[in-house]
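Here is the structure we will look at, set down as structure tokens.
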Amino acid sequence: MFIIAGLGNPTKEYEGTRHNVGFDVIDRISEKYNITVDVKKHRALIGKGMIAGQKVILAKPQTYMNLSGESLRSIVDYYKIDPEEELLVIYDDISLDVGQLRIREKGSAGGHNGIKNIIAHLGTQVFARIKIGVGEKPRGYDLADYVLGHFSKAERELMEEGYGRAVQAAELIVSGEISEAMNEFNRKKKEE
């Protein structure tokens, strides 16, 4: 079984913000695979289904971003999965261009408080992740205001492409092909 968790903040006011791209990818996966993500368990919205012959749990922690680890710890314990082998976390990254992906098998939190909390609760930095670029914070902007802000129309188009690629990457990772996913999606898109 594989747990695919997208990070974000609950409630309507955060929908469509930079910080909620993890939730947005879970929504795209749930649409594509007809997995309803509406069961409230483990301080998350979860849904069960199949992707590429693999049982999956889609999860959207409802703890607010900075406490994501509390929810994921509960899910990991309940389903008795090994986070180093069967967990994929999808989240925003301000050091990547809008819509660009970076896939990793492990790593530090890199200043992301949601990931910092997950690492603290799981006791490991080894878990697959898909980072989705939301663009660098403009000078003079408050970081919280920036990540809780919305995308421009042009950025939304780039994000839609990024979401599509993130869904494809998640499919590869669930199929045990994380190296292929990294080779395919960690390249910068060529300029037109």
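In the structure tokens, chains take the letters A, B, ... in the order shown, each chain's residues start at 1, and ligands count up from 1 in the order shown.
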
Mind listing the strand (DSSP E) residues of range 21-157 of chain A, per DSSP on the backbone, as an MDAnalysis selection string?
-> chainID A and resid 39:41 44:51 54:61 87:93 101:104 128:133

Could you list, with a cut-off of 9 Å and counting only C-alpha atoms, the residues of range 86-159 of chain A near range 57-69 of chain A, each shown with its nearest atom pair and the distance in Å rounded to one decimal, rows sorted by chain and ascending number, as CSV?
```
residue,atom,partner,partner_atom,distance
A:His112,CA,A:Asn66,CA,8.5
A:Asn113,CA,A:Asn66,CA,5.2
A:Gly114,CA,A:Asn66,CA,4.5
A:Ile115,CA,A:Gly69,CA,7.5
A:Lys116,CA,A:Asn66,CA,8.0
A:Asn117,CA,A:Gly69,CA,4.9
A:Ile118,CA,A:Gly69,CA,3.6
A:Ile119,CA,A:Gly69,CA,7.1
A:Ala120,CA,A:Gly69,CA,7.2
A:His121,CA,A:Gly69,CA,5.3
A:Leu122,CA,A:Gly69,CA,7.2
```

Contacts of range 142-145 of chain A at 12 Å (only C-alpha atoms; same-chain gap of 3+ positions) as a PyMOL selection string | chain A and resi 14+17-19+65-66+93-94+111-113+135-139+148-150

Once DSSP has gone over the backbone, tell me which residues of range 75-131 of chain A are in alpha helix (DSSP H), as a list in words.
-> Ile75, Val76, Asp77, Tyr78, Tyr79, Pro83, Glu84, Glu85, Glu86, Asn113, Gly114, Ile115, Lys116, Asn117, Ile118, Ile119, Ala120, His121 and Leu122 of chain A

All residues 12 Å or closer to Asp27 in chain A, only C-alpha atoms, same chain fewer than 6 positions away omitted, as a PyMOL selection string | chain A and resi 4-8+15-16+20-21+33-38+45-47+58-60+90+160+163-164+166-167

If you keep N, CA and C atoms, can you produce a file of those selected residues as a PDB file, in the first residue's frame?
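result_34.pdb was written with the following content:
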```pdb
ATOM      1  N   ILE A   4      -0.180   8.626  -0.519  1.00  0.00           N
ATOM      2  CA  ILE A   4       0.180   9.833  -1.256  1.00  0.00           C
ATOM      3  C   ILE A   4      -0.465  10.995  -0.523  1.00  0.00           C
ATOM      4  N   ALA A   5       0.354  11.835   0.088  1.00  0.00           N
ATOM      5  CA  ALA A   5      -0.153  12.960   0.875  1.00  0.00           C
ATOM      6  C   ALA A   5       0.192  14.265   0.184  1.00  0.00           C
ATOM      7  N   GLY A   6      -0.807  15.088   0.001  1.00  0.00           N
ATOM      8  CA  GLY A   6      -0.595  16.430  -0.523  1.00  0.00           C
ATOM      9  C   GLY A   6      -0.740  17.413   0.624  1.00  0.00           C
ATOM     10  N   LEU A   7       0.188  18.345   0.743  1.00  0.00           N
ATOM     11  CA  LEU A   7       0.143  19.286   1.860  1.00  0.00           C
ATOM     12  C   LEU A   7      -0.591  20.568   1.485  1.00  0.00           C
ATOM     13  N   GLY A   8      -1.246  21.137   2.490  1.00  0.00           N
ATOM     14  CA  GLY A   8      -1.972  22.382   2.297  1.00  0.00           C
ATOM     15  C   GLY A   8      -2.617  22.804   3.596  1.00  0.00           C
ATOM     16  N   GLU A  15      -7.916  27.888  -0.442  1.00  0.00           N
ATOM     17  CA  GLU A  15      -8.027  27.193  -1.728  1.00  0.00           C
ATOM     18  C   GLU A  15      -7.330  27.985  -2.818  1.00  0.00           C
ATOM     19  N   GLY A  16      -6.556  27.282  -3.636  1.00  0.00           N
ATOM     20  CA  GLY A  16      -5.907  27.920  -4.774  1.00  0.00           C
ATOM     21  C   GLY A  16      -4.683  28.748  -4.441  1.00  0.00           C
ATOM     22  N   ASN A  20      -1.083  25.594  -1.126  1.00  0.00           N
ATOM     23  CA  ASN A  20      -2.010  24.463  -1.227  1.00  0.00           C
ATOM     24  C   ASN A  20      -1.822  23.627  -2.485  1.00  0.00           C
ATOM     25  N   VAL A  21      -0.695  23.752  -3.157  1.00  0.00           N
ATOM     26  CA  VAL A  21      -0.517  22.985  -4.396  1.00  0.00           C
ATOM     27  C   VAL A  21      -0.536  21.474  -4.140  1.00  0.00           C
ATOM     28  N   TYR A  33      -8.302   9.037 -11.152  1.00  0.00           N
ATOM     29  CA  TYR A  33      -8.478   7.638 -10.739  1.00  0.00           C
ATOM     30  C   TYR A  33      -9.799   7.382 -10.031  1.00  0.00           C
ATOM     31  N   ASN A  34     -10.679   8.373 -10.051  1.00  0.00           N
ATOM     32  CA  ASN A  34     -11.999   8.199  -9.455  1.00  0.00           C
ATOM     33  C   ASN A  34     -11.922   7.774  -7.987  1.00  0.00           C
ATOM     34  N   ILE A  35     -11.042   8.419  -7.239  1.00  0.00           N
ATOM     35  CA  ILE A  35     -10.882   8.128  -5.817  1.00  0.00           C
ATOM     36  C   ILE A  35     -11.468   9.317  -5.045  1.00  0.00           C
ATOM     37  N   THR A  36     -12.545   9.083  -4.328  1.00  0.00           N
ATOM     38  CA  THR A  36     -13.172  10.153  -3.561  1.00  0.00           C
ATOM     39  C   THR A  36     -12.386  10.373  -2.272  1.00  0.00           C
ATOM     40  N   VAL A  37     -11.982  11.621  -2.044  1.00  0.00           N
ATOM     41  CA  VAL A  37     -11.175  11.952  -0.864  1.00  0.00           C
ATOM     42  C   VAL A  37     -12.064  12.768   0.085  1.00  0.00           C
ATOM     43  N   ASP A  38     -12.913  12.045   0.838  1.00  0.00           N
ATOM     44  CA  ASP A  38     -13.859  12.764   1.692  1.00  0.00           C
ATOM     45  C   ASP A  38     -14.079  12.115   3.058  1.00  0.00           C
ATOM     46  N   LEU A  45      -8.414  14.361   5.346  1.00  0.00           N
ATOM     47  CA  LEU A  45      -9.402  13.831   4.416  1.00  0.00           C
ATOM     48  C   LEU A  45      -8.680  12.753   3.638  1.00  0.00           C
ATOM     49  N   ILE A  46      -9.240  11.552   3.617  1.00  0.00           N
ATOM     50  CA  ILE A  46      -8.563  10.470   2.906  1.00  0.00           C
ATOM     51  C   ILE A  46      -9.524   9.761   1.953  1.00  0.00           C
ATOM     52  N   GLY A  47      -8.923   9.067   0.994  1.00  0.00           N
ATOM     53  CA  GLY A  47      -9.667   8.240   0.052  1.00  0.00           C
ATOM     54  C   GLY A  47      -8.807   7.057  -0.333  1.00  0.00           C
ATOM     55  N   LEU A  58      -5.028   8.311  -0.619  1.00  0.00           N
ATOM     56  CA  LEU A  58      -4.779   9.721  -0.883  1.00  0.00           C
ATOM     57  C   LEU A  58      -5.129  10.477   0.393  1.00  0.00           C
ATOM     58  N   ALA A  59      -4.256  11.408   0.794  1.00  0.00           N
ATOM     59  CA  ALA A  59      -4.482  12.112   2.055  1.00  0.00           C
ATOM     60  C   ALA A  59      -4.249  13.610   1.907  1.00  0.00           C
ATOM     61  N   LYS A  60      -5.152  14.376   2.517  1.00  0.00           N
ATOM     62  CA  LYS A  60      -5.019  15.831   2.616  1.00  0.00           C
ATOM     63  C   LYS A  60      -5.109  16.174   4.105  1.00  0.00           C
ATOM     64  N   ILE A  90       3.629  15.520  -1.404  1.00  0.00           N
ATOM     65  CA  ILE A  90       3.612  16.501  -2.489  1.00  0.00           C
ATOM     66  C   ILE A  90       3.382  17.884  -1.878  1.00  0.00           C
ATOM     67  N   GLU A 160      -1.124  24.362 -13.966  1.00  0.00           N
ATOM     68  CA  GLU A 160      -1.928  23.248 -14.494  1.00  0.00           C
ATOM     69  C   GLU A 160      -1.023  22.223 -15.192  1.00  0.00           C
ATOM     70  N   TYR A 163       0.813  20.412 -12.483  1.00  0.00           N
ATOM     71  CA  TYR A 163      -0.043  19.422 -11.818  1.00  0.00           C
ATOM     72  C   TYR A 163      -0.130  18.148 -12.655  1.00  0.00           C
ATOM     73  N   GLY A 164      -0.275  18.320 -13.961  1.00  0.00           N
ATOM     74  CA  GLY A 164      -0.342  17.151 -14.852  1.00  0.00           C
ATOM     75  C   GLY A 164       0.927  16.314 -14.761  1.00  0.00           C
ATOM     76  N   ALA A 166       2.999  16.295 -12.231  1.00  0.00           N
ATOM     77  CA  ALA A 166       3.070  15.736 -10.875  1.00  0.00           C
ATOM     78  C   ALA A 166       2.244  14.453 -10.772  1.00  0.00           C
ATOM     79  N   VAL A 167       1.079  14.428 -11.433  1.00  0.00           N
ATOM     80  CA  VAL A 167       0.251  13.212 -11.442  1.00  0.00           C
ATOM     81  C   VAL A 167       1.019  12.078 -12.123  1.00  0.00           C
TER      82      VAL A 167
END
```

For CA of Lys32 in chain A and CA of Lys55 in chain A, determine how far apart the two atoms are, in Å to one decimal place.
->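 Atom-to-atom, CA of Lys32 in chain A to CA of Lys55 in chain A, that is 15.0 Å.
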
Shell of 7 Å around range 125-130 of chain A, only C-alpha atoms, local chain residues under 5 positions omitted, as a list of chain:residue names |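 Near range 125-130 of chain A, the qualifying residues are A:Pro83, A:Glu84, A:Glu85, A:Leu87, A:Leu88, A:Val89, A:Ile90, A:Tyr91, A:Leu101, A:Arg102, A:Ile103, A:Arg104, A:Glu105, A:Lys106, A:Gly107, A:Ser108, A:Ile119.
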
Fewer than 4 positions away in the same chain doesn't count, so skip those; otherwise give me all residues within 8 Å of Glu155 in chain A, counting only C-alpha atoms, as JSON, numbers by chain.
-> {"A": [98, 99, 151, 159]}

Two-atom distance - CA of Asp97 in chain A, CA of Ala169 in chain A (Å) |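 These atoms are spaced 17.5 Å apart.
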
Please, what distance in Å, to one decimal, runs between CA of Ile173 in chain A and CA of Ala52 in chain A?
-> 10.1 Å
